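Novice: Starting off with a structure, shown below.
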Amino acid sequence: MFPAPTGGWIANRNLAQPQGQGLPQGAAILDNYFPNSTSAVLRRGKELYATLGGDGQDVRSLFSYVVGTNRKLFASNSDTIFDVTNVPVAFNYMIATENDDPLETEDGDTFGQNSTDGLDVFTGALGGDWIVVQFATTGGIFLVGVNGESEGFIYDGTAFYPIVAGGVWALPYDAGVTDFTEGSLLTGGTSGATGTILSVVPSSTPGEGALLLNGITGSFQDNETITDADGGEALASGVETNVVPGITFPSGSLTTADLCYVWIYKNRLFFMQKESLDAWYLPVDQIGGELTKFPLGGVFGRGGALLFGYTWSLDAGEQGGLSEQCVFVTSEGEVAVYQGNNPSEAASWSKVGVYRIGRPLGNKAFIRAGGDIVVATTIGFVPLSQAIQRDYAALSPTAVSYPIEDAWNEATVQRGQTGWACEVWPDNQMVVVSPPLADGGNPVLFVANARTGAWSRFTNWQAICMEVFEGELYFGSSEGKLFKANVSGLDDGAPYTGVYMPLFEDFGSPASLKIPELARAVQRSRLEVNELLTFHADFNMTMPAAPDASASEASSVWGVGIWGQSTWGSPLPTLINQKWRSVGGLGYACSVSLQLTSGDPVPTDAEIIRVELTYQTAEIVT
């Protein structure tokens, strides 16, 4: 008997002795099942939620803003941020003839809709890999984002503004004569004040609106004529007011486009300068002002560049202990830990130490686990708390990913050592690690149970970026596709297959040849399932073709049930599936794989309880 794989996917045990004393049942293969403390459950599918733009750019980042009832989900491609909190249609479409010729009006207009048409909220960016934090000050609660390629942004709960030196100012106008042009220089006819037009915010009343300005010299006057260099003209309806502050550098040679990472420590915003070992920080409780440089070139002996920073909190209690630390992590896997309140004052800022972990696999390749930080590195998924206790060479056995060590190492070689992403999904107790898509390879996620530490693998899911919003996991993929995870029984309309292969067993008789007879999988599910059981011998893990999808009980499924006969919302029964099936083959070390295909909008929620095998043993001839 092979119990449910509560130990998860195992890729680091001795093949000849896979089941150690007291260890839970593990799996040589566990694809598209999620292990929990009592069983393993077939995952649900992915459902297309939105399609960003119409040019097929990849979804590069996801982030959210949550303040009371103001709750927003944003997604970006390489040049635009979209508000995807409410999306009218998930896909782009155009009405066409049976020959795929678009239907057009006499004016050449077509019929159709883009998923995110009108949902763009920040355009003209030069990169989409945004690092975003939500930061509360006495003046409000904001999102602050940087990406190391484009000017950063500030979101105030209503609108996005670029982070530019001098800040962003609003000048209302009325009695408009000619439209203003973004990027043009505005001049006050009486005051002589000037400013560059960042954007035009029109009003519902013709000829009225507001200009968002930057680089203002002088002060505009109420009721003066304002004109831009391209012929725009109106009357100022008031004077300029500051909307968001700017960020400046002491030398003036850098801009926020040179900042690649942002995080919060002790109510202060810290930034990292791209391709350097310099960090910067703002005064306490401010989203703007002059940055102060914090050079770290003399701290990191292995060089490289700063990759990410974070607040690290461990319960060590005493003053000078490891509580509320500020960590700086480099591309070469060095971590500098500081404590204190003000980096500008030696008396209130000190270095705890510099430690070494494996090379981090990206600036989004880590999670917060309680007060600890767990970093996806070339040697595993390593908790920072272990790095301060052990030498670099001894870290691998303490990694969270140690049960899948061989598979992890293979992925870092084949899929690259940058661009990994990690996310915690608390509601489902999942930790998700997403390696990048390898050339010619298939997308895959490494998924761990946050409570038990057991691992599995999800196939067919490409997650360039991830975000948990309103208790649901969303992930961005290629070609502008944004998916919601763990819904329905299909992967974007396509079937998928769960695979469980227990670790090979010799059943206490390694020299005896086993001849299988019958096998069965005991499963609990919402539907009757059509599984495929296959006998495997002597560490041969080759899988046969997947079985057909199980037929669903559609009586209560919206769009399928019969009106007046079916019961909407009635619970489907929980069935025990345990049919014996004939299997063939022979071998000394044995395993029985279970394959189950989900191919219906109704999820099967099949739960593995155990797999059983009957066999005969050939006698040993001497």
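Chains: A, B, ... in order of the structure tokens. Residues: from 1 per chain. Ligands: from 1, in order shown.
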Write out as a compact mmCIF listing (two decimals) with N, CA and C atoms, in the first residue's frame all residues of range 369-510 of chain A that DSSP puts in strand (DSSP E) for this structure's backbone.
Specialist:
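Result went into selection23.txt, see below:
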# COMPACT_ATOMS: atom_id res chain seq x y z
N ALA A 369 8.08 35.24 5.76
CA ALA A 369 7.51 34.13 6.52
C ALA A 369 7.56 34.49 7.99
N ASP A 372 10.68 36.29 9.39
CA ASP A 372 11.84 35.86 8.63
C ASP A 372 11.67 36.18 7.15
N ILE A 373 12.78 36.13 6.43
CA ILE A 373 12.78 36.30 4.98
C ILE A 373 13.35 35.02 4.37
N VAL A 374 12.62 34.43 3.43
CA VAL A 374 13.07 33.22 2.76
C VAL A 374 13.37 33.59 1.31
N VAL A 375 14.62 33.36 0.90
CA VAL A 375 15.10 33.83 -0.40
C VAL A 375 15.34 32.65 -1.32
N ALA A 376 14.80 32.73 -2.54
CA ALA A 376 15.08 31.72 -3.57
C ALA A 376 16.47 31.99 -4.14
N THR A 377 17.38 31.06 -3.93
CA THR A 377 18.77 31.23 -4.34
C THR A 377 19.23 30.03 -5.16
N GLY A 380 19.04 26.90 -3.04
CA GLY A 380 17.77 26.52 -2.45
C GLY A 380 16.97 27.71 -1.96
N PHE A 381 15.85 27.40 -1.33
CA PHE A 381 14.95 28.40 -0.77
C PHE A 381 15.36 28.60 0.68
N VAL A 382 16.21 29.59 0.91
CA VAL A 382 16.98 29.68 2.16
C VAL A 382 16.40 30.74 3.09
N PRO A 383 16.05 30.38 4.34
CA PRO A 383 15.65 31.38 5.33
C PRO A 383 16.87 32.20 5.77
N ALA A 421 10.04 34.37 -9.41
CA ALA A 421 9.07 35.12 -8.61
C ALA A 421 8.50 34.21 -7.53
N CYS A 422 8.23 34.78 -6.36
CA CYS A 422 7.68 34.02 -5.23
C CYS A 422 6.48 34.76 -4.65
N GLU A 423 5.54 33.99 -4.12
CA GLU A 423 4.35 34.58 -3.51
C GLU A 423 3.81 33.63 -2.46
N VAL A 424 3.24 34.19 -1.39
CA VAL A 424 2.53 33.41 -0.38
C VAL A 424 1.04 33.65 -0.55
N TRP A 425 0.27 32.56 -0.59
CA TRP A 425 -1.19 32.64 -0.68
C TRP A 425 -1.75 32.14 0.65
N MET A 430 -0.55 28.20 0.63
CA MET A 430 0.37 27.88 -0.45
C MET A 430 1.54 28.86 -0.49
N VAL A 431 2.72 28.32 -0.75
CA VAL A 431 3.88 29.11 -1.13
C VAL A 431 4.19 28.75 -2.58
N VAL A 432 4.21 29.74 -3.45
CA VAL A 432 4.38 29.50 -4.88
C VAL A 432 5.70 30.08 -5.34
N VAL A 433 6.52 29.26 -5.98
CA VAL A 433 7.79 29.68 -6.56
C VAL A 433 7.71 29.46 -8.06
N SER A 434 7.93 30.52 -8.82
CA SER A 434 7.79 30.46 -10.27
C SER A 434 9.14 30.67 -10.96
N VAL A 444 6.11 25.86 -15.41
CA VAL A 444 5.95 25.05 -14.21
C VAL A 444 6.04 25.95 -12.99
N LEU A 445 5.36 25.57 -11.92
CA LEU A 445 5.48 26.23 -10.62
C LEU A 445 5.87 25.20 -9.58
N PHE A 446 6.72 25.59 -8.65
CA PHE A 446 7.00 24.78 -7.48
C PHE A 446 6.11 25.31 -6.35
N VAL A 447 5.29 24.44 -5.79
CA VAL A 447 4.29 24.85 -4.80
C VAL A 447 4.50 24.08 -3.51
N ALA A 448 4.52 24.79 -2.39
CA ALA A 448 4.71 24.15 -1.09
C ALA A 448 3.54 24.45 -0.18
N ASN A 449 3.22 23.49 0.67
CA ASN A 449 2.24 23.70 1.72
C ASN A 449 2.90 24.54 2.82
N TRP A 455 6.06 19.65 -0.83
CA TRP A 455 6.12 20.29 -2.14
C TRP A 455 5.34 19.50 -3.19
N SER A 456 4.94 20.22 -4.24
CA SER A 456 4.38 19.59 -5.44
C SER A 456 4.75 20.48 -6.62
N ARG A 457 4.30 20.09 -7.79
CA ARG A 457 4.61 20.86 -8.99
C ARG A 457 3.33 21.08 -9.78
N PHE A 458 3.08 22.34 -10.17
CA PHE A 458 1.94 22.67 -11.02
C PHE A 458 2.46 22.90 -12.43
N THR A 459 1.92 22.19 -13.39
CA THR A 459 2.31 22.37 -14.78
C THR A 459 1.27 23.23 -15.50
N CYS A 465 4.56 37.11 -12.87
CA CYS A 465 4.37 37.90 -11.65
C CYS A 465 3.11 37.40 -10.97
N MET A 466 2.99 37.65 -9.66
CA MET A 466 1.85 37.16 -8.90
C MET A 466 1.42 38.19 -7.87
N GLU A 467 0.16 38.13 -7.50
CA GLU A 467 -0.38 39.01 -6.46
C GLU A 467 -1.61 38.37 -5.85
N VAL A 468 -1.70 38.41 -4.52
CA VAL A 468 -2.91 37.96 -3.82
C VAL A 468 -3.77 39.19 -3.56
N PHE A 469 -5.01 39.14 -4.05
CA PHE A 469 -5.93 40.27 -3.91
C PHE A 469 -7.30 39.74 -3.54
N GLU A 472 -7.70 36.00 -3.37
CA GLU A 472 -7.51 35.20 -4.59
C GLU A 472 -6.11 35.45 -5.14
N LEU A 473 -5.55 34.41 -5.76
CA LEU A 473 -4.24 34.53 -6.38
C LEU A 473 -4.40 34.83 -7.86
N TYR A 474 -3.75 35.89 -8.32
CA TYR A 474 -3.71 36.27 -9.73
C TYR A 474 -2.27 36.16 -10.22
N PHE A 475 -2.09 35.75 -11.46
CA PHE A 475 -0.74 35.71 -12.01
C PHE A 475 -0.73 36.16 -13.46
N GLY A 476 0.30 36.93 -13.79
CA GLY A 476 0.46 37.45 -15.14
C GLY A 476 1.31 36.52 -15.97
N LYS A 481 -1.77 38.03 -20.92
CA LYS A 481 -2.83 37.28 -20.24
C LYS A 481 -2.66 37.33 -18.73
N LEU A 482 -3.73 37.66 -18.06
CA LEU A 482 -3.78 37.71 -16.60
C LEU A 482 -4.81 36.67 -16.14
N PHE A 483 -4.36 35.74 -15.29
CA PHE A 483 -5.20 34.62 -14.87
C PHE A 483 -5.54 34.70 -13.40
N LYS A 484 -6.70 34.11 -13.06
CA LYS A 484 -7.05 33.83 -11.67
C LYS A 484 -6.79 32.35 -11.43
N TYR A 496 -6.26 19.36 -18.05
CA TYR A 496 -4.95 19.15 -17.45
C TYR A 496 -4.98 17.86 -16.66
N THR A 497 -3.80 17.30 -16.40
CA THR A 497 -3.71 15.98 -15.79
C THR A 497 -2.91 16.04 -14.50
N GLY A 498 -3.45 15.43 -13.46
CA GLY A 498 -2.72 15.26 -12.22
C GLY A 498 -1.99 13.92 -12.23
N VAL A 499 -0.76 13.90 -11.74
CA VAL A 499 0.05 12.68 -11.74
C VAL A 499 0.63 12.47 -10.34
N TYR A 500 0.43 11.25 -9.82
CA TYR A 500 1.05 10.85 -8.56
C TYR A 500 1.78 9.54 -8.76
N MET A 501 3.09 9.55 -8.54
CA MET A 501 3.88 8.32 -8.53
C MET A 501 4.57 8.23 -7.19
N PRO A 502 4.22 7.24 -6.35
CA PRO A 502 4.90 7.08 -5.07
C PRO A 502 6.38 6.75 -5.26
Novice: Taking only C-alpha atoms into account, name the residue in A:Gln339, A:Thr123, A:Thr205, A:Ser598 that is nearest to Ser76 in chain A.
Specialist: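 Closest residue, counting only C-alpha atoms: A:Thr123.
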Novice: Find the residues around range 211-216 of chain A up to 7 Å (only C-alpha atoms counted), leave out those fewer than 3 positions away in its own chain, and share them as a list in words.
Specialist: Gly166, Gly167, Val168, Trp169, Ala170, Leu171, Pro172, Thr194, Gly195, Thr196, Ile197, Leu198, Ser199, Val200 and Val201 of chain A
Novice: Need to verify the contact set: Val522 in chain A, 6 Å, only C-alpha atoms, exclusion of same-chain residues closer than 5 positions in sequence. Can you return it as a list in words?
Specialist: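 Non-adjacent residues within range: Asn577, Gln578, Ile609 and Arg610 of chain A.
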Novice: May I have the selected residues written with C-alpha atoms, as a PDB file, in the first residue's frame?
Specialist:
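Okay, again.pdb is ready:
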ATOM      1  CA  ASN A 577     -13.685   5.832  -5.913  1.00  0.00           C
ATOM      2  CA  GLN A 578     -11.856   2.523  -5.374  1.00  0.00           C
ATOM      3  CA  ILE A 609      -6.273   8.572   0.151  1.00  0.00           C
ATOM      4  CA  ARG A 610      -4.037   5.658  -0.866  1.00  0.00           C
TER       5      ARG A 610
END
Novice: Please provide the set of residues having any atom within 9 Å of Gly480 in chain A, restricted to only C-alpha atoms, with same-chain residues fewer than 5 positions apart removed, written as a PyMOL selection string.
Specialist: chain A and resi 50-60+76-77
Novice: Considering only C-alpha atoms, tabulate each residue of range 326-408 of chain A that lies at most 9 Å from range 293-308 of chain A along with its nearest interatomic pair and the corresponding distance in Å to one decimal; arrange the rows by chain and ascending residue number and present them as CSV.
Specialist:
residue,atom,partner,partner_atom,distance
A:Val327,CA,A:Phe308,CA,8.5
A:Phe328,CA,A:Phe308,CA,6.3
A:Val329,CA,A:Phe308,CA,5.5
A:Thr330,CA,A:Leu306,CA,4.2
A:Ser331,CA,A:Leu307,CA,5.4
A:Glu332,CA,A:Gly304,CA,5.7
A:Gly333,CA,A:Arg302,CA,8.6
A:Glu334,CA,A:Phe300,CA,6.8
A:Val335,CA,A:Phe300,CA,8.2
A:Ala336,CA,A:Val299,CA,7.6
A:Pro343,CA,A:Phe294,CA,7.5
A:Ser344,CA,A:Phe294,CA,8.5
A:Val354,CA,A:Phe300,CA,7.7
A:Pro360,CA,A:Leu307,CA,8.3
A:Gly362,CA,A:Leu307,CA,7.5
A:Asn363,CA,A:Phe308,CA,5.5
A:Lys364,CA,A:Phe308,CA,8.2
